[in-house]
>>> print(open('model.cif').read())   # mmCIF, C-alpha atoms
data_coords
#
loop_
_atom_site.group_PDB
_atom_site.id
_atom_site.type_symbol
_atom_site.label_atom_id
_atom_site.label_comp_id
_atom_site.auth_asym_id
_atom_site.auth_seq_id
_atom_site.Cartn_x
_atom_site.Cartn_y
_atom_site.Cartn_z
ATOM 1 C CA MET N 1 28.673 -55.414 31.343
ATOM 2 C CA SER N 2 27.562 -55.339 27.723
ATOM 3 C CA LYS N 3 23.999 -54.725 26.616
ATOM 4 C CA SER N 4 23.538 -58.331 25.463
ATOM 5 C CA THR N 5 24.738 -59.674 28.814
ATOM 6 C CA ALA N 6 22.591 -57.235 30.767
ATOM 7 C CA ASN N 7 19.506 -58.486 28.902
ATOM 8 C CA GLN N 8 20.060 -62.099 29.968
ATOM 9 C CA PRO N 9 17.718 -63.574 32.603
ATOM 10 C CA GLU N 10 19.145 -63.997 36.088
ATOM 11 C CA PRO N 11 20.509 -67.472 36.829
ATOM 12 C CA PHE N 12 19.071 -69.853 39.400
ATOM 13 C CA ILE N 13 21.611 -70.144 42.218
ATOM 14 C CA VAL N 14 21.883 -72.675 45.040
ATOM 15 C CA LEU N 15 24.332 -71.503 47.680
ATOM 16 C CA PRO N 16 26.806 -73.849 49.381
ATOM 17 C CA THR N 17 25.911 -75.350 52.738
ATOM 18 C CA SER N 18 29.416 -74.693 54.072
ATOM 19 C CA THR N 19 32.246 -72.275 53.229
ATOM 20 C CA HIS N 20 32.222 -71.486 49.504
ATOM 21 C CA THR N 21 35.203 -73.171 47.870
ATOM 22 C CA HIS N 22 33.972 -74.253 44.415
ATOM 23 C CA THR N 23 31.389 -73.301 41.788
ATOM 24 C CA LEU N 24 29.563 -75.478 39.259
ATOM 25 C CA ILE N 25 27.965 -73.645 36.332
ATOM 26 C CA LEU N 26 25.492 -75.952 34.570
ATOM 27 C CA LEU N 27 23.392 -75.087 31.506
ATOM 28 C CA HIS N 28 19.919 -76.508 30.856
ATOM 29 C CA GLY N 29 18.602 -78.034 27.657
ATOM 30 C CA LEU N 30 16.338 -76.782 24.877
ATOM 31 C CA GLY N 31 12.994 -75.438 26.112
ATOM 32 C CA ASN N 32 13.939 -75.794 29.784
ATOM 33 C CA ASN N 33 15.104 -73.193 32.302
ATOM 34 C CA GLY N 34 17.672 -72.926 35.041
ATOM 35 C CA GLN N 35 15.350 -73.367 37.992
ATOM 36 C CA LYS N 36 13.560 -76.444 36.627
ATOM 37 C CA PHE N 37 16.778 -78.105 35.495
ATOM 38 C CA GLY N 38 18.687 -77.210 38.646
ATOM 39 C CA THR N 39 15.932 -78.278 41.029
ATOM 40 C CA LYS N 40 15.505 -81.586 39.175
ATOM 41 C CA LEU N 41 19.228 -82.353 38.991
ATOM 42 C CA LEU N 42 19.915 -81.529 42.623
ATOM 43 C CA SER N 43 16.930 -83.534 43.874
ATOM 44 C CA THR N 44 17.072 -86.614 41.608
ATOM 45 C CA GLY N 45 20.802 -86.827 40.833
ATOM 46 C CA ILE N 46 21.573 -89.329 43.578
ATOM 47 C CA SER N 47 24.649 -91.543 43.663
ATOM 48 C CA SER N 48 24.755 -95.221 44.611
ATOM 49 C CA LYS N 49 25.906 -94.064 48.060
ATOM 50 C CA GLY N 50 22.731 -92.008 48.458
ATOM 51 C CA LEU N 51 24.490 -88.668 48.000
ATOM 52 C CA THR N 52 23.099 -85.672 46.128
ATOM 53 C CA PHE N 53 25.252 -82.985 44.510
ATOM 54 C CA THR N 54 24.752 -80.663 47.489
ATOM 55 C CA SER N 55 25.538 -83.313 50.119
ATOM 56 C CA ALA N 56 28.545 -84.657 48.194
ATOM 57 C CA PHE N 57 29.973 -81.167 47.605
ATOM 58 C CA PRO N 58 28.833 -78.935 50.511
ATOM 59 C CA GLY N 59 31.286 -76.149 49.695
ATOM 60 C CA THR N 60 30.016 -75.769 46.142
ATOM 61 C CA LYS N 61 27.843 -73.007 44.767
ATOM 62 C CA PHE N 62 25.593 -74.222 41.941
ATOM 63 C CA ILE N 63 24.738 -71.725 39.210
ATOM 64 C CA PHE N 64 22.104 -72.641 36.615
ATOM 65 C CA PRO N 65 21.972 -69.877 33.979
ATOM 66 C CA ASN N 66 18.767 -69.204 32.044
ATOM 67 C CA ALA N 67 18.661 -69.098 28.249
ATOM 68 C CA ARG N 68 16.758 -66.285 26.597
ATOM 69 C CA LYS N 69 13.566 -66.921 24.678
ATOM 70 C CA ARG N 70 14.238 -67.120 20.947
ATOM 71 C CA ARG N 71 12.277 -68.102 17.885
ATOM 72 C CA SER N 72 13.030 -71.694 16.964
ATOM 73 C CA SER N 73 13.655 -72.650 13.341
ATOM 74 C CA ALA N 74 13.283 -76.317 14.301
ATOM 75 C CA PHE N 75 9.840 -75.843 15.861
ATOM 76 C CA ARG N 76 7.922 -73.690 13.391
ATOM 77 C CA ARG N 77 9.240 -70.391 14.769
ATOM 78 C CA ALA N 78 7.811 -71.045 18.226
ATOM 79 C CA VAL N 79 9.333 -68.888 20.981
ATOM 80 C CA ILE N 80 11.201 -71.125 23.437
ATOM 81 C CA ASN N 81 14.126 -70.941 25.829
ATOM 82 C CA GLN N 82 17.227 -71.811 23.844
ATOM 83 C CA TRP N 83 20.865 -70.841 23.982
ATOM 84 C CA PHE N 84 20.996 -70.535 20.216
ATOM 85 C CA ASP N 85 18.663 -71.289 17.338
ATOM 86 C CA ILE N 86 18.929 -74.604 15.522
ATOM 87 C CA ALA N 87 17.173 -75.623 12.326
ATOM 88 C CA SER N 88 17.226 -79.371 13.054
ATOM 89 C CA VAL N 89 17.448 -81.279 16.326
ATOM 90 C CA ALA N 90 18.389 -84.480 14.503
ATOM 91 C CA ASP N 91 21.194 -82.729 12.618
ATOM 92 C CA PRO N 92 22.537 -79.812 14.711
ATOM 93 C CA SER N 93 24.985 -78.910 11.935
ATOM 94 C CA HIS N 94 22.128 -78.116 9.499
ATOM 95 C CA ARG N 95 22.041 -74.404 8.600
ATOM 96 C CA ARG N 96 24.767 -73.453 11.050
ATOM 97 C CA ASP N 97 24.325 -69.790 10.155
ATOM 98 C CA THR N 98 21.136 -69.686 12.259
ATOM 99 C CA GLN N 99 23.164 -70.529 15.369
ATOM 100 C CA VAL N 100 25.785 -67.810 15.387
ATOM 101 C CA GLN N 101 23.884 -64.919 16.987
ATOM 102 C CA GLY N 102 22.676 -67.005 19.922
ATOM 103 C CA LEU N 103 26.085 -68.615 20.377
ATOM 104 C CA VAL N 104 27.718 -65.189 20.518
ATOM 105 C CA GLU N 105 25.232 -63.762 23.034
ATOM 106 C CA SER N 106 25.073 -66.862 25.238
ATOM 107 C CA ALA N 107 28.859 -67.343 25.266
ATOM 108 C CA GLU N 108 29.265 -63.774 26.439
ATOM 109 C CA HIS N 109 26.730 -64.449 29.198
ATOM 110 C CA VAL N 110 28.475 -67.641 30.366
ATOM 111 C CA ARG N 111 31.876 -65.969 30.242
ATOM 112 C CA SER N 112 30.561 -63.092 32.370
ATOM 113 C CA ILE N 113 29.330 -65.543 35.020
ATOM 114 C CA ILE N 114 32.755 -67.227 35.085
ATOM 115 C CA ALA N 115 34.442 -63.831 35.371
ATOM 116 C CA GLU N 116 32.254 -62.930 38.333
ATOM 117 C CA GLU N 117 33.116 -66.182 40.113
ATOM 118 C CA LEU N 118 36.817 -65.557 39.509
ATOM 119 C CA GLU N 119 36.549 -62.545 41.800
ATOM 120 C CA THR N 120 36.163 -64.864 44.798
ATOM 121 C CA ILE N 121 37.601 -68.294 43.884
ATOM 122 C CA PRO N 122 40.461 -69.547 41.677
ATOM 123 C CA ARG N 123 39.708 -70.787 38.162
ATOM 124 C CA GLY N 124 40.776 -74.301 39.125
ATOM 125 C CA ASN N 125 37.797 -74.427 41.499
ATOM 126 C CA ILE N 126 35.245 -73.704 38.747
ATOM 127 C CA VAL N 127 33.530 -76.451 36.759
ATOM 128 C CA LEU N 128 31.431 -75.811 33.670
ATOM 129 C CA GLY N 129 28.920 -78.158 32.080
ATOM 130 C CA GLY N 130 25.435 -78.774 30.807
ATOM 131 C CA LEU N 131 22.803 -81.085 29.391
ATOM 132 C CA SER N 132 21.733 -81.399 25.742
ATOM 133 C CA GLN N 133 21.866 -77.955 24.111
ATOM 134 C CA GLY N 134 23.300 -76.706 27.393
ATOM 135 C CA CYS N 135 26.145 -79.170 26.882
ATOM 136 C CA ALA N 136 26.673 -77.835 23.355
ATOM 137 C CA MET N 137 26.624 -74.209 24.487
ATOM 138 C CA SER N 138 28.927 -74.740 27.463
ATOM 139 C CA MET N 139 31.381 -76.743 25.340
ATOM 140 C CA ALA N 140 31.644 -73.861 22.878
ATOM 141 C CA ALA N 141 32.098 -71.408 25.762
ATOM 142 C CA LEU N 142 34.814 -73.619 27.267
ATOM 143 C CA LEU N 143 36.834 -73.658 24.042
ATOM 144 C CA SER N 144 36.645 -69.863 23.896
ATOM 145 C CA LEU N 145 38.249 -69.301 27.305
ATOM 146 C CA GLU N 146 41.745 -67.875 27.682
ATOM 147 C CA PHE N 147 42.513 -70.145 30.646
ATOM 148 C CA PRO N 148 41.697 -73.685 31.837
ATOM 149 C CA LEU N 149 38.993 -74.455 34.402
ATOM 150 C CA GLY N 150 39.017 -77.117 37.084
ATOM 151 C CA GLY N 151 36.901 -79.315 34.849
ATOM 152 C CA TYR N 152 34.043 -79.687 32.399
ATOM 153 C CA PHE N 153 31.298 -82.309 32.167
ATOM 154 C CA GLY N 154 28.598 -82.608 29.545
ATOM 155 C CA MET N 155 25.553 -84.848 29.269
ATOM 156 C CA SER N 156 23.736 -85.890 26.092
ATOM 157 C CA GLY N 157 25.153 -83.114 23.952
ATOM 158 C CA TRP N 158 27.162 -82.224 20.873
ATOM 159 C CA LEU N 159 29.886 -79.793 19.791
ATOM 160 C CA PRO N 160 28.695 -76.847 17.659
ATOM 161 C CA PHE N 161 30.669 -76.279 14.439
ATOM 162 C CA ARG N 162 32.498 -79.560 15.002
ATOM 163 C CA GLU N 163 33.040 -80.102 11.273
ATOM 164 C CA ASP N 164 34.648 -76.683 10.921
ATOM 165 C CA ILE N 165 36.940 -77.340 13.873
ATOM 166 C CA GLU N 166 37.963 -80.700 12.429
ATOM 167 C CA ASP N 167 38.723 -79.083 9.071
ATOM 168 C CA VAL N 168 41.151 -76.746 10.815
ATOM 169 C CA VAL N 169 42.829 -79.545 12.763
ATOM 170 C CA ALA N 170 43.097 -81.973 9.829
ATOM 171 C CA PRO N 171 46.599 -82.054 8.315
ATOM 172 C CA VAL N 172 46.909 -80.523 4.859
ATOM 173 C CA LYS N 173 49.106 -82.320 2.363
ATOM 174 C CA GLU N 174 51.662 -80.068 0.769
ATOM 175 C CA GLU N 175 50.473 -81.009 -2.724
ATOM 176 C CA ASP N 176 46.951 -79.907 -1.769
ATOM 177 C CA ASN N 177 48.094 -76.483 -0.536
ATOM 178 C CA PRO N 178 48.702 -74.018 -3.400
ATOM 179 C CA PHE N 179 50.159 -71.487 -0.933
ATOM 180 C CA ALA N 180 52.696 -73.834 0.677
ATOM 181 C CA ASP N 181 55.703 -71.956 -0.718
ATOM 182 C CA ASP N 182 54.286 -68.608 0.368
ATOM 183 C CA GLU N 183 53.825 -69.852 3.936
ATOM 184 C CA ALA N 184 57.262 -71.407 4.246
ATOM 185 C CA ASP N 185 58.772 -68.332 5.878
ATOM 186 C CA GLY N 186 55.682 -67.440 7.887
ATOM 187 C CA GLU N 187 54.705 -68.320 11.443
ATOM 188 C CA VAL N 188 53.534 -71.925 11.825
ATOM 189 C CA ILE N 189 50.431 -72.108 14.013
ATOM 190 C CA GLU N 190 49.633 -75.399 15.679
ATOM 191 C CA PRO N 191 46.258 -76.852 14.615
ATOM 192 C CA PRO N 192 44.753 -76.857 18.156
ATOM 193 C CA LEU N 193 45.488 -73.149 18.469
ATOM 194 C CA MET N 194 43.985 -72.550 15.035
ATOM 195 C CA ALA N 195 40.857 -74.387 16.204
ATOM 196 C CA VAL N 196 40.633 -72.231 19.328
ATOM 197 C CA GLY N 197 41.044 -69.142 17.157
ATOM 198 C CA LEU N 198 38.206 -70.356 14.928
ATOM 199 C CA VAL N 199 35.858 -70.822 17.892
ATOM 200 C CA ARG N 200 36.709 -67.360 19.213
ATOM 201 C CA ASP N 201 36.124 -65.943 15.765
ATOM 202 C CA ILE N 202 32.675 -67.603 15.544
ATOM 203 C CA LEU N 203 31.834 -66.199 18.981
ATOM 204 C CA SER N 204 33.003 -62.696 17.956
ATOM 205 C CA LEU N 205 35.816 -62.667 20.496
ATOM 206 C CA ASP N 206 39.416 -61.510 20.126
ATOM 207 C CA THR N 207 40.699 -63.249 17.008
ATOM 208 C CA ALA N 208 44.384 -62.689 17.739
ATOM 209 C CA THR N 209 46.337 -65.925 17.478
ATOM 210 C CA PRO N 210 46.031 -67.645 20.882
ATOM 211 C CA SER N 211 49.059 -69.007 22.699
ATOM 212 C CA LYS N 212 49.325 -72.345 24.482
ATOM 213 C CA GLU N 213 49.202 -70.525 27.809
ATOM 214 C CA ARG N 214 45.989 -68.704 26.912
ATOM 215 C CA THR N 215 43.592 -71.539 26.131
ATOM 216 C CA SER N 216 41.354 -73.921 28.068
ATOM 217 C CA LEU N 217 42.795 -77.012 26.363
ATOM 218 C CA THR N 218 44.239 -78.476 29.584
ATOM 219 C CA THR N 219 40.784 -78.571 31.222
ATOM 220 C CA PRO N 220 39.808 -82.181 32.092
ATOM 221 C CA VAL N 221 36.597 -83.185 30.291
ATOM 222 C CA LEU N 222 33.930 -85.827 30.970
ATOM 223 C CA LEU N 223 31.286 -86.472 28.320
ATOM 224 C CA CYS N 224 28.346 -88.792 29.046
ATOM 225 C CA HIS N 225 25.611 -90.050 26.705
ATOM 226 C CA GLY N 226 22.822 -92.606 26.508
ATOM 227 C CA GLU N 227 23.112 -95.307 23.851
ATOM 228 C CA ASP N 228 19.385 -95.022 23.159
ATOM 229 C CA ASP N 229 19.190 -91.223 23.063
ATOM 230 C CA GLU N 230 16.410 -90.515 20.589
ATOM 231 C CA LYS N 231 16.882 -86.740 20.478
ATOM 232 C CA VAL N 232 20.645 -86.223 20.352
ATOM 233 C CA LYS N 233 22.155 -89.353 18.849
ATOM 234 C CA CYS N 234 24.994 -90.977 20.767
ATOM 235 C CA LYS N 235 27.147 -90.654 17.648
ATOM 236 C CA LEU N 236 27.139 -86.868 18.088
ATOM 237 C CA GLY N 237 28.632 -87.271 21.548
ATOM 238 C CA GLU N 238 31.267 -89.659 20.240
ATOM 239 C CA GLU N 239 32.178 -87.199 17.495
ATOM 240 C CA ALA N 240 32.586 -84.445 20.091
ATOM 241 C CA VAL N 241 34.957 -86.678 22.064
ATOM 242 C CA GLN N 242 37.050 -87.367 18.964
ATOM 243 C CA CYS N 243 37.181 -83.689 18.073
ATOM 244 C CA LEU N 244 38.216 -82.510 21.548
ATOM 245 C CA SER N 245 40.778 -85.313 21.748
ATOM 246 C CA SER N 246 42.258 -84.160 18.440
ATOM 247 C CA LEU N 247 42.909 -80.805 20.139
ATOM 248 C CA GLY N 248 44.984 -82.604 22.765
ATOM 249 C CA MET N 249 42.338 -82.387 25.487
ATOM 250 C CA GLN N 250 42.052 -85.029 28.203
ATOM 251 C CA VAL N 251 38.569 -86.462 27.568
ATOM 252 C CA THR N 252 36.761 -89.276 29.387
ATOM 253 C CA TRP N 253 33.801 -90.845 27.536
ATOM 254 C CA LYS N 254 30.945 -92.694 29.243
ATOM 255 C CA CYS N 255 28.104 -94.336 27.309
ATOM 256 C CA TYR N 256 25.123 -95.935 29.069
ATOM 257 C CA ALA N 257 23.099 -98.841 27.688
ATOM 258 C CA GLY N 258 19.341 -98.390 27.774
ATOM 259 C CA LEU N 259 19.540 -94.644 28.485
ATOM 260 C CA GLY N 260 17.622 -92.088 26.447
ATOM 261 C CA HIS N 261 17.928 -88.307 26.494
ATOM 262 C CA TRP N 262 18.618 -87.762 30.192
ATOM 263 C CA TYR N 263 21.097 -88.776 32.888
ATOM 264 C CA LYS N 264 21.273 -92.296 34.325
ATOM 265 C CA ILE N 265 20.767 -92.794 38.047
ATOM 266 C CA PRO N 266 22.942 -93.838 39.776
ATOM 267 C CA ASP N 267 25.524 -94.878 37.143
ATOM 268 C CA GLU N 268 26.052 -91.509 35.467
ATOM 269 C CA ILE N 269 25.834 -89.622 38.749
ATOM 270 C CA ASP N 270 28.501 -91.937 40.198
ATOM 271 C CA ASP N 271 30.756 -91.215 37.212
ATOM 272 C CA ILE N 272 30.226 -87.459 37.516
ATOM 273 C CA PHE N 273 30.920 -87.508 41.263
ATOM 274 C CA GLU N 274 34.074 -89.575 40.727
ATOM 275 C CA PHE N 275 35.210 -87.113 38.064
ATOM 276 C CA LEU N 276 34.534 -84.103 40.279
ATOM 277 C CA GLU N 277 36.233 -85.663 43.294
ATOM 278 C CA ALA N 278 39.345 -86.414 41.217
ATOM 279 C CA ILE N 279 39.720 -82.928 39.763
ATOM 280 C CA LEU N 280 38.556 -80.855 42.723
#
>>> encode(input="model.cif", output="C-alpha cells")
Amino acid sequence: MSKSTANQPEPFIVLPTSTHTHTLILLHGLGNNGQKFGTKLLSTGISSKGLTFTSAFPGTKFIFPNARKRRSSAFRRAVINQWFDIASVADPSHRRDTQVQGLVESAEHVRSIIAEELETIPRGNIVLGGLSQGCAMSMAALLSLEFPLGGYFGMSGWLPFREDIEDVVAPVKEEDNPFADDEADGEVIEPPLMAVGLVRDILSLDTATPSKERTSLTTPVLLCHGEDDEKVKCKLGEEAVQCLSSLGMQVTWKCYAGLGHWYKIPDEIDDIFEFLEAIL
C-alpha cells in the first residue's frame, strides 16, 4: 500500500445480510462523507416496490469510501471533504490543473479498494458509482482500470477532463496533421485506447499503450441526472454520456423532470435497481 493510500480515511462499510456475492463501491459528493451518504442512501433509496438497496440485494457488501479533507479553491480555501479540488462548481473544467493531485490520490485509493475486493469476488460482481463529485471521481477511476467491472452507475455528476478526452477521440483530418507522412509507417492506435491512455497519464498510472483486453470500456454504464439540477447542470451529465459513448461504451441515460441535485425516489431508484438486476 502506498503512502497516499495509507493516509486515506477508512471507508464506511455495510456488510451483506446473506452470503457475500457482490460489492457496490459508491462515492459521496462534495463536502459529504461516506457514513452520511451511505446511511442516507440505504435508508431513503426506496423503490416503488418498497425495497431498499440492502433488501433488494442481500448478498451485496456496500462500501462508501471517505474523501480526504482538502482546501477548496471554489469555497475561499475552506477545508472540506473532496475527492479533488475544483475552482468552480458551475464549470468543473475551469482551472483543471487544480484537480490533478486529488484525482491521482483518490483514484489510487478507489483502485486499492477494488483490488482488495477482487481477492474474494470476481470483477464482474463489483459495481462502482457515486453522486455528484463522487460520480466524477468514480468515472475517472473506472476509465483508468485495466479490466471491466460488472457495472457502473453515476448520479448528478460529470466527467473530469472530458474536453481533453474528446480531443483525443475526435478524428484528425490528414490536411490538419503536419506529421501524417511521418506516422504512416507507425503503429495506429485506436482513439478509445488513446483516451484511456490519456486518463491513465493524468492519474499518474502506467502510460504504456493499453490494449483492448486491458481496459474497462465494456463495463455497462448508467448515468442519471435531474433536469433542474442547480449545482451540476444536466448538460454536464449529457456531455459525459456523449463522451463515454464515443469510446464505444454501453451507456444508458436517465433524466428526471423536476429533480434537483439529488436522486429521485422512487423513479431513479427503480432505474438503478433494474440496471443492477440486469447486469448482476
>>> resolve_selection(input="model.cif", expression="the PyMOL selection byres ((chain N and resi 269) around 9)", output="count of residues only")
17
>>> atom_distance(input="model.cif", atom1="CA of Val251 (chain N)", atom2="CA of Leu223 (chain N)")
7.3 Å
>>> atom_distance(input="model.cif", atom1="CA of Ala90 (chain N)", atom2="CA of Thr44 (chain N)")
27.2 Å
>>> resolve_selection(input="model.cif", expression="the PyMOL selection byres ((chain N and resi 32-34) around 8)", output="ChimeraX atom specification")
/N:11-12,27-31,35-38,64-67,81-82
>>> closest_residue(input="model.cif", among="N:Ala136, N:Leu193, N:Met249, N:Leu26", to="Ile114 (chain N)", atoms="all atoms listed in the file")
N:Leu26
>>> closest_residue(input="model.cif", among="N:Cys243, N:Val14, N:Leu236, N:Leu280", to="Ser156 (chain N)", atoms="only C-alpha atoms")
N:Leu236
>>> closest_residue(input="model.cif", among="N:Phe147, N:Phe62, N:Trp83, N:Phe275", to="Pro220 (chain N)", atoms="all atoms listed in the file")
N:Phe275
>>> atom_distance(input="model.cif", atom1="CA of Ala115 (chain N)", atom2="CA of Trp253 (chain N)")
28.1 Å
>>> residues_around(input="model.cif", residues="Val127 (chain N)", least_positions_apart="2", cutoff="8 Å", atoms="only C-alpha atoms", output="PyMOL selection string")
chain N and resi 22-25+124-125+129+149-153
>>> write_last_selection(input="model.cif", atoms="C-alpha atoms", output="mmCIF file, in the frame of the given file")
data_model
loop_
_atom_site.group_PDB
_atom_site.id
_atom_site.type_symbol
_atom_site.label_atom_id
_atom_site.label_comp_id
_atom_site.auth_asym_id
_atom_site.auth_seq_id
_atom_site.Cartn_x
_atom_site.Cartn_y
_atom_site.Cartn_z
ATOM 1 C CA HIS N 22 33.972 -74.253 44.415
ATOM 2 C CA THR N 23 31.389 -73.301 41.788
ATOM 3 C CA LEU N 24 29.563 -75.478 39.259
ATOM 4 C CA ILE N 25 27.965 -73.645 36.332
ATOM 5 C CA GLY N 124 40.776 -74.301 39.125
ATOM 6 C CA ASN N 125 37.797 -74.427 41.499
ATOM 7 C CA GLY N 129 28.920 -78.158 32.080
ATOM 8 C CA LEU N 149 38.993 -74.455 34.402
ATOM 9 C CA GLY N 150 39.017 -77.117 37.084
ATOM 10 C CA GLY N 151 36.901 -79.315 34.849
ATOM 11 C CA TYR N 152 34.043 -79.687 32.399
ATOM 12 C CA PHE N 153 31.298 -82.309 32.167
#
>>> closest_residue(input="model.cif", among="N:Leu247, N:Phe57, N:Gly258, N:His94", to="Glu277 (chain N)", atoms="all atoms listed in the file")
N:Phe57
>>> resolve_selection(input="model.cif", expression="the PyMOL selection byres ((chain N and resi 232) around 12)", output="PDB file with C-alpha atoms, in the frame of the given file")
ATOM      1  CA  GLY N  29      18.602 -78.034  27.657  1.00  0.00           C
ATOM      2  CA  LEU N  30      16.338 -76.782  24.877  1.00  0.00           C
ATOM      3  CA  SER N  88      17.226 -79.371  13.054  1.00  0.00           C
ATOM      4  CA  VAL N  89      17.448 -81.279  16.326  1.00  0.00           C
ATOM      5  CA  ALA N  90      18.389 -84.480  14.503  1.00  0.00           C
ATOM      6  CA  ASP N  91      21.194 -82.729  12.618  1.00  0.00           C
ATOM      7  CA  PRO N  92      22.537 -79.812  14.711  1.00  0.00           C
ATOM      8  CA  SER N  93      24.985 -78.910  11.935  1.00  0.00           C
ATOM      9  CA  LEU N 131      22.803 -81.085  29.391  1.00  0.00           C
ATOM     10  CA  SER N 132      21.733 -81.399  25.742  1.00  0.00           C
ATOM     11  CA  GLN N 133      21.866 -77.955  24.111  1.00  0.00           C
ATOM     12  CA  CYS N 135      26.145 -79.170  26.882  1.00  0.00           C
ATOM     13  CA  ALA N 136      26.673 -77.835  23.355  1.00  0.00           C
ATOM     14  CA  MET N 155      25.553 -84.848  29.269  1.00  0.00           C
ATOM     15  CA  SER N 156      23.736 -85.890  26.092  1.00  0.00           C
ATOM     16  CA  GLY N 157      25.153 -83.114  23.952  1.00  0.00           C
ATOM     17  CA  TRP N 158      27.162 -82.224  20.873  1.00  0.00           C
ATOM     18  CA  LEU N 159      29.886 -79.793  19.791  1.00  0.00           C
ATOM     19  CA  CYS N 224      28.346 -88.792  29.046  1.00  0.00           C
ATOM     20  CA  HIS N 225      25.611 -90.050  26.705  1.00  0.00           C
ATOM     21  CA  GLY N 226      22.822 -92.606  26.508  1.00  0.00           C
ATOM     22  CA  GLU N 227      23.112 -95.307  23.851  1.00  0.00           C
ATOM     23  CA  ASP N 228      19.385 -95.022  23.159  1.00  0.00           C
ATOM     24  CA  ASP N 229      19.190 -91.223  23.063  1.00  0.00           C
ATOM     25  CA  GLU N 230      16.410 -90.515  20.589  1.00  0.00           C
ATOM     26  CA  LYS N 231      16.882 -86.740  20.478  1.00  0.00           C
ATOM     27  CA  LYS N 233      22.155 -89.353  18.849  1.00  0.00           C
ATOM     28  CA  CYS N 234      24.994 -90.977  20.767  1.00  0.00           C
ATOM     29  CA  LYS N 235      27.147 -90.654  17.648  1.00  0.00           C
ATOM     30  CA  LEU N 236      27.139 -86.868  18.088  1.00  0.00           C
ATOM     31  CA  GLY N 237      28.632 -87.271  21.548  1.00  0.00           C
ATOM     32  CA  GLU N 238      31.267 -89.659  20.240  1.00  0.00           C
ATOM     33  CA  GLU N 239      32.178 -87.199  17.495  1.00  0.00           C
ATOM     34  CA  LEU N 259      19.540 -94.644  28.485  1.00  0.00           C
ATOM     35  CA  GLY N 260      17.622 -92.088  26.447  1.00  0.00           C
ATOM     36  CA  HIS N 261      17.928 -88.307  26.494  1.00  0.00           C
ATOM     37  CA  TRP N 262      18.618 -87.762  30.192  1.00  0.00           C
TER      38      TRP N 262
END
>>> axis_aligned_box(input="model.cif", around="region 74-84 of chain N", padding_each_side="4 Å", output="JSON")
{"center_x": 14.4, "center_y": -72.6, "center_z": 19.6, "size_x": 21.2, "size_y": 15.4, "size_z": 20.4}
>>> closest_residue(input="model.cif", among="N:Ser18, N:Ser216, N:Ser245, N:Thr209", to="Lys61 (chain N)", atoms="all atoms listed in the file")
N:Ser18
>>> residues_around(input="model.cif", residues="Asp206 (chain N)", least_positions_apart="4", cutoff="12 Å", atoms="all atoms listed in the file", output="list in words")
Ser144, Leu145, Glu146, Val196, Gly197, Leu198, Val199, Arg200, Asp201, Ile202, Pro210 and Arg214 of chain N
>>> write_last_selection(input="model.cif", atoms="C-alpha atoms", output="PDB file, keeping the file's coordinate frame")
ATOM      1  CA  SER N 144      36.645 -69.863  23.896  1.00  0.00           C
ATOM      2  CA  LEU N 145      38.249 -69.301  27.305  1.00  0.00           C
ATOM      3  CA  GLU N 146      41.745 -67.875  27.682  1.00  0.00           C
ATOM      4  CA  VAL N 196      40.633 -72.231  19.328  1.00  0.00           C
ATOM      5  CA  GLY N 197      41.044 -69.142  17.157  1.00  0.00           C
ATOM      6  CA  LEU N 198      38.206 -70.356  14.928  1.00  0.00           C
ATOM      7  CA  VAL N 199      35.858 -70.822  17.892  1.00  0.00           C
ATOM      8  CA  ARG N 200      36.709 -67.360  19.213  1.00  0.00           C
ATOM      9  CA  ASP N 201      36.124 -65.943  15.765  1.00  0.00           C
ATOM     10  CA  ILE N 202      32.675 -67.603  15.544  1.00  0.00           C
ATOM     11  CA  PRO N 210      46.031 -67.645  20.882  1.00  0.00           C
ATOM     12  CA  ARG N 214      45.989 -68.704  26.912  1.00  0.00           C
TER      13      ARG N 214
END
>>> residues_around(input="model.cif", residues="Pro58 (chain N)", least_positions_apart="3", cutoff="7 Å", atoms="all atoms listed in the file", output="VMD selection string")
chain N and resid 16 to 18 54 to 55
>>> residues_around(input="model.cif", residues="region 104-110 of chain N", least_positions_apart="6", cutoff="9 Å", atoms="all atoms listed in the file", output="list in words")
Ser2, Ser4, Thr5, Ala6, Gln8, Ile25, Pro65, Ala67, Arg68, Trp83, Phe84, Met137, Ser138, Ala140, Ala141, Leu142, Ser144, Ile202, Leu203, Ser204 and Leu205 of chain N
>>> closest_residue(input="model.cif", among="N:Gln242, N:Gly102, N:Leu41, N:Thr207", to="Arg71 (chain N)", atoms="all atoms listed in the file")
N:Gly102
